[in-house]
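Participant: Okay, here's the structure, questions in a sec.
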Amino acid sequence: MPMPAVAAETPALARENAVYRKVVRRIVPFLILCYVASYLDRVNVGFAKLQMSDDLGFSEAAYGLGAGLFFIGYFLLEVPSNLMLQRVGARTWIARIMISWGLVSAAFMFVTNEATFYVLRFLLGAAEAGFYPGVILYCTYWFPSHRRARVIAMFMSAIPVAGIFGNPLSGWIIDGFQGVNGWQGWQWMFLLEAVPALLVGVVTLFYLDDGVRDAKWLTDEEKAVVERAVADDSAHRTVHGRVLDAFREPRVWLMCLIYFCFVMGQYALTFWMPTFVESTGIEGNVAIGVLSAVPFVAALVAMNLFGRSADKRRERRWHLVIPSLMGAVGFSLAAVWNGSTTLSLIALSVAAAGVLTCAPLFWSLPTAFLGGTAAAAGLAIINSVGNLAGFVSPYMIGALKDATGSASIPMYVLALTLVVGAVAVLTTQKQVVNR
C-alpha cells in the first residue's frame, strides 16, 4: 500500500511537537487511569463468573445475558450523556459518570439471583454511558486528526492494562478474601475494585480541564498553538449544525457497522477470557488470572505500534484491515487448538493483538469527517450502536455453548464477523480518512 512521505520537521512544527508532548503528558495518563477503572468495573464480572455462577446457579446463557445487558443501558443513554457532557463540560460530567458507576459496581456484592444480576448490569451500563465517546470527543478539542490515532491508542491501552493487572488481582481477591466477614470472594472483588473509580472520580473534579482555554498549565502562546492545530484540522470536516444531521449522515451508519464488528471480538475476549483459559484444563483462580493476562500483553504492544505507524504514515484503512484479519485468524486458531493451553494462549494472543488494536484506530475514521454540534451526537450514535455488540457477543457465546457444548462454533462466528468489518473498512474513501 502506498504511504505518503513524512514532512521534515520545520521550526514551527518542532514548536508544535514540543507543546503536544506537554499536552500528552498532562492529559493522556490521567485518561488512561480513568479508563482502567472503567474497564475493570465493566468486565470483572468475567472473572466473578468462575465462582459466582456456581454459587448462584447461573447457566452459561444467563451469565451471557447479564454480561450483555450492560450495553442496553449503555445504548439507551449514550447520546443524551454525550450531549450533556458538551453542555456542562467534561470535568463535571466525567466525574459524575465515574462516581455513579463506582457505586453501582460495588452494589454487585449484593447479587443473590438472576434478576438482581440483570438489573445491576443494566444500571451499570446506564451509569457509565457517555464516558468513552465523551473522552473521544474531548480528544478532538485538543488533538488534530494526524495526532489522534496515537493518543487514542495510548488511551485504549487501558483495556489491556486492565486485563494484565485486573485478571491476576481479581483471582487473588477471590481466593484471598474467600470467607472473610462471611462473604464470598467474588463479593469482595466487586467491593474492592469499585474503590478506584470512586477515588479517581473525585480527583477528576480538580484535575481535568474542560478545554484548551481553561488549561492554566499552558501559556497563552501554547494555547494558541493547540487551538490553531485543531482549527486547521477542523477545516477539513463536514460541519453539521444540528443533532439530527448526524442521524442523516450515511457514513455514520457505515461506521456503526464497522465498529459493531470490532466490538463483537473485543467483548468476547474481555468477558470470556477466564472461561476460555479455564476450559484448557487450568485450575486455580490466581493461575487463570495470570494466564488470562498474557493475550493482553500482546495487545498492549500491538495497539501502540499500529497507532504510531498510522499517525506517522497518515494511513488509516489498512492499519485497520490488517489487525481485523489478525483477530479473525486468532479466533479461528483458538477454535482449532482449544485442547492445548499453550497453543490456545498463542491463538488468543493473536486475536487480542488484532481485535484490541482495531478499537482505537477505528476512531480516526469518524472523527475525520464529523464536525460541528452533531459531532457529539454522531460519536455517541456510533459508540452506542456499535456497543450493542457487547450485548450480542457474550449472549451469543453463552447460548451457543449451552446449545452445542463447544466453544469452537462461537469462535468461528467471531472470526467471520471480523472479516465483514475489514471489508467494510475498505469501502471508506481513503482521501477522507487518510489524514
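By convention here, the chains of the C-alpha cells are called A, B, ... in the order presented, each chain's residues are numbered starting at 1, and ligands are numbered starting at 1 in the order presented.
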I want to know what sits within 6 Å of Ala380 (chain A), based on only C-alpha atoms, with residues of the same chain fewer than 6 positions away left out; could you give that as an MDAnalysis selection string?
Facilitator: chainID A and resid 78:79 133
Participant: Would you work out the distance separating CA of Asn82 (chain A) from CA of Val385 (chain A), expressed in Å to one decimal?
Facilitator: 13.9 Å
Participant: State, in Å with one decimal place, the distance from CA of Arg314 (chain A) to CA of Val355 (chain A).
Facilitator: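 Distance between the two atoms: 20.6 Å.
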Participant: Closest to Tyr74 (chain A) among A:Ile136, A:Val104, A:Leu388, A:Val425, using only C-alpha atoms?
Facilitator: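 Nearest candidate to Tyr74 (chain A) out of A:Ile136, A:Val104, A:Leu388, A:Val425: A:Leu388.
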Participant: Compile a residue-level contact table for region 148-220 of chain A against region 10-34 of chain A at a cut-off of 12 Å, reporting for every qualifying residue the shortest atom pair and its distance in Å to one decimal, with only C-alpha atoms counted, rows ordered by chain and ascending number, as a tab-separated table.
Facilitator:
residue	atom	partner	partner_atom	distance
A:Arg148	CA	A:Val24	CA	10.7
A:Arg150	CA	A:Val24	CA	10.4
A:Val151	CA	A:Val28	CA	7.2
A:Ile152	CA	A:Val28	CA	8.7
A:Ala153	CA	A:Ile32	CA	10.1
A:Met154	CA	A:Val28	CA	7.3
A:Phe155	CA	A:Ile32	CA	5.0
A:Met156	CA	A:Ile32	CA	7.1
A:Ser157	CA	A:Ile32	CA	7.2
A:Ala158	CA	A:Ile32	CA	5.4
A:Ile159	CA	A:Ile32	CA	9.0
A:Pro160	CA	A:Ile32	CA	11.0
A:Val161	CA	A:Ile32	CA	9.2
A:Ala162	CA	A:Leu33	CA	9.6
A:Pro196	CA	A:Cys34	CA	8.7
A:Ala197	CA	A:Cys34	CA	7.2
A:Leu198	CA	A:Cys34	CA	10.2
A:Leu199	CA	A:Cys34	CA	10.0
A:Val200	CA	A:Cys34	CA	6.7
A:Gly201	CA	A:Cys34	CA	7.9
A:Val202	CA	A:Cys34	CA	11.1
A:Val203	CA	A:Phe30	CA	9.9
A:Thr204	CA	A:Phe30	CA	8.7
A:Phe206	CA	A:Phe30	CA	12.0
A:Tyr207	CA	A:Phe30	CA	8.7
A:Leu208	CA	A:Ile27	CA	7.7
A:Asp209	CA	A:Ile27	CA	9.0
A:Asp210	CA	A:Ile27	CA	11.3
A:Gly211	CA	A:Ile27	CA	11.0
A:Val212	CA	A:Val23	CA	9.7
A:Ala215	CA	A:Val23	CA	9.7
A:Lys216	CA	A:Arg26	CA	11.4
A:Trp217	CA	A:Arg26	CA	8.7
A:Leu218	CA	A:Val23	CA	8.4
A:Thr219	CA	A:Val19	CA	9.9
A:Asp220	CA	A:Val19	CA	11.5
Participant: For the residues in that selection, give me C-alpha atoms as a compact mmCIF listing (two decimals), in the first residue's frame.
Facilitator:
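New file out.txt:
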# COMPACT_ATOMS: atom_id res chain seq x y z
CA ARG A 148 -5.29 11.42 17.36
CA ARG A 150 -1.64 7.53 18.62
CA VAL A 151 -3.35 9.35 21.50
CA ILE A 152 -6.47 7.18 21.35
CA ALA A 153 -4.29 4.06 21.12
CA MET A 154 -2.47 5.21 24.25
CA PHE A 155 -5.81 5.89 25.96
CA MET A 156 -7.16 2.50 24.98
CA SER A 157 -4.04 0.83 26.31
CA ALA A 158 -6.16 0.89 29.44
CA ILE A 159 -8.05 -2.16 28.12
CA PRO A 160 -5.04 -4.50 28.04
CA VAL A 161 -3.60 -2.84 31.16
CA ALA A 162 -6.85 -3.61 32.99
CA PRO A 196 -10.57 3.23 42.32
CA ALA A 197 -13.49 4.58 40.26
CA LEU A 198 -14.86 6.49 43.24
CA LEU A 199 -11.47 7.99 44.14
CA VAL A 200 -10.50 8.92 40.57
CA GLY A 201 -13.97 10.39 40.01
CA VAL A 202 -13.42 12.84 42.85
CA VAL A 203 -9.91 13.71 41.60
CA THR A 204 -11.35 14.43 38.14
CA PHE A 206 -9.90 19.07 40.46
CA TYR A 207 -7.56 17.80 37.72
CA LEU A 208 -9.34 17.80 34.36
CA ASP A 209 -9.90 20.95 32.27
CA ASP A 210 -12.98 21.46 30.09
CA GLY A 211 -10.91 22.73 27.17
CA VAL A 212 -7.76 24.47 25.97
CA ALA A 215 -5.71 24.97 30.93
CA LYS A 216 -3.72 27.02 33.44
CA TRP A 217 -0.72 24.74 32.87
CA LEU A 218 -0.37 26.09 29.29
CA THR A 219 0.94 29.55 28.42
CA ASP A 220 -1.10 31.78 26.12
Participant: Have a look at A:Leu192, A:Ala224, A:Ala353, A:Leu137 and name the one nearest to Gly89 (chain A); count only C-alpha atoms.
Facilitator: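 Selected residue with least distance to Gly89 (chain A): A:Leu137.
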Participant: Compile the contact shell of Ser408 (chain A) as a VMD selection string: residues with an atom at most 9 Å away, counting only C-alpha atoms, same-chain residues fewer than 4 positions apart removed.
Facilitator: chain A and resid 331 to 332 334 to 336 338 401 412 to 413
Participant: Could you build a table of the residues in region 352-411 of chain A lying no more than 7 Å from region 254-272 of chain A, giving for each the nearest pair of atoms and their separation in Å rounded to one decimal place, using only C-alpha atoms, ordered by chain and ascending residue number, as JSON lines?
Facilitator:
{"residue": "A:Val355", "atom": "CA", "partner": "A:Gln266", "partner_atom": "CA", "distance": 5.8}
{"residue": "A:Leu356", "atom": "CA", "partner": "A:Gln266", "partner_atom": "CA", "distance": 6.2}
{"residue": "A:Cys358", "atom": "CA", "partner": "A:Phe262", "partner_atom": "CA", "distance": 6.6}
{"residue": "A:Ala359", "atom": "CA", "partner": "A:Phe262", "partner_atom": "CA", "distance": 6.7}
{"residue": "A:Pro366", "atom": "CA", "partner": "A:Met255", "partner_atom": "CA", "distance": 6.8}
{"residue": "A:Ile382", "atom": "CA", "partner": "A:Cys256", "partner_atom": "CA", "distance": 4.7}
{"residue": "A:Val385", "atom": "CA", "partner": "A:Cys256", "partner_atom": "CA", "distance": 6.0}
{"residue": "A:Gly386", "atom": "CA", "partner": "A:Phe260", "partner_atom": "CA", "distance": 3.9}
{"residue": "A:Asn387", "atom": "CA", "partner": "A:Val263", "partner_atom": "CA", "distance": 6.3}
{"residue": "A:Ala389", "atom": "CA", "partner": "A:Met264", "partner_atom": "CA", "distance": 5.0}
{"residue": "A:Gly390", "atom": "CA", "partner": "A:Tyr267", "partner_atom": "CA", "distance": 5.7}
{"residue": "A:Ser393", "atom": "CA", "partner": "A:Met264", "partner_atom": "CA", "distance": 5.2}
{"residue": "A:Pro394", "atom": "CA", "partner": "A:Ala268", "partner_atom": "CA", "distance": 6.0}
Participant: Looking only at the backbone, which of the residues in region 369-412 of chain A does DSSP tag as helix (DSSP H, G or I), as a PyMOL selection string?
Facilitator: chain A and resi 369+374-386+389-404+408-412
Participant: Here is a test: counting only C-alpha atoms, which residue of A:Gly166, A:Trp253, A:Gly354, A:Asn383 is nearest to Leu305 (chain A)?
Facilitator: A:Gly354
Participant: Work out how far apart CA of Trp186 (chain A) and CA of Thr280 (chain A) are and give it in Å to one decimal.
Facilitator: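 Separation of CA of Trp186 (chain A) and CA of Thr280 (chain A): 22.2 Å.
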Participant: With only C-alpha atoms as the basis for distance, which of A:Tyr395, A:Gln86, A:Glu128, A:Leu418 is at the shortest distance from Ile99 (chain A)?
Facilitator: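 For Ile99 (chain A), the nearest of the candidates is A:Glu128.
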Participant: Mind checking which residues fall within 10 Å of Phe190 (chain A), counting only C-alpha atoms, ignoring those fewer than 4 positions away in the same chain, and posting them as number ranges by chain?
Facilitator: A: 40-41, 44-45, 48, 102, 104-110, 170, 173-174, 185-186, 194-195
Participant: Counting only C-alpha atoms, which of A:Ser349, A:Ser309, A:Ser59, A:Ser81 gets nearest to Pro295 (chain A)?
Facilitator: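 Of A:Ser349, A:Ser309, A:Ser59, A:Ser81, the one nearest Pro295 (chain A) is A:Ser349, counting only C-alpha atoms.
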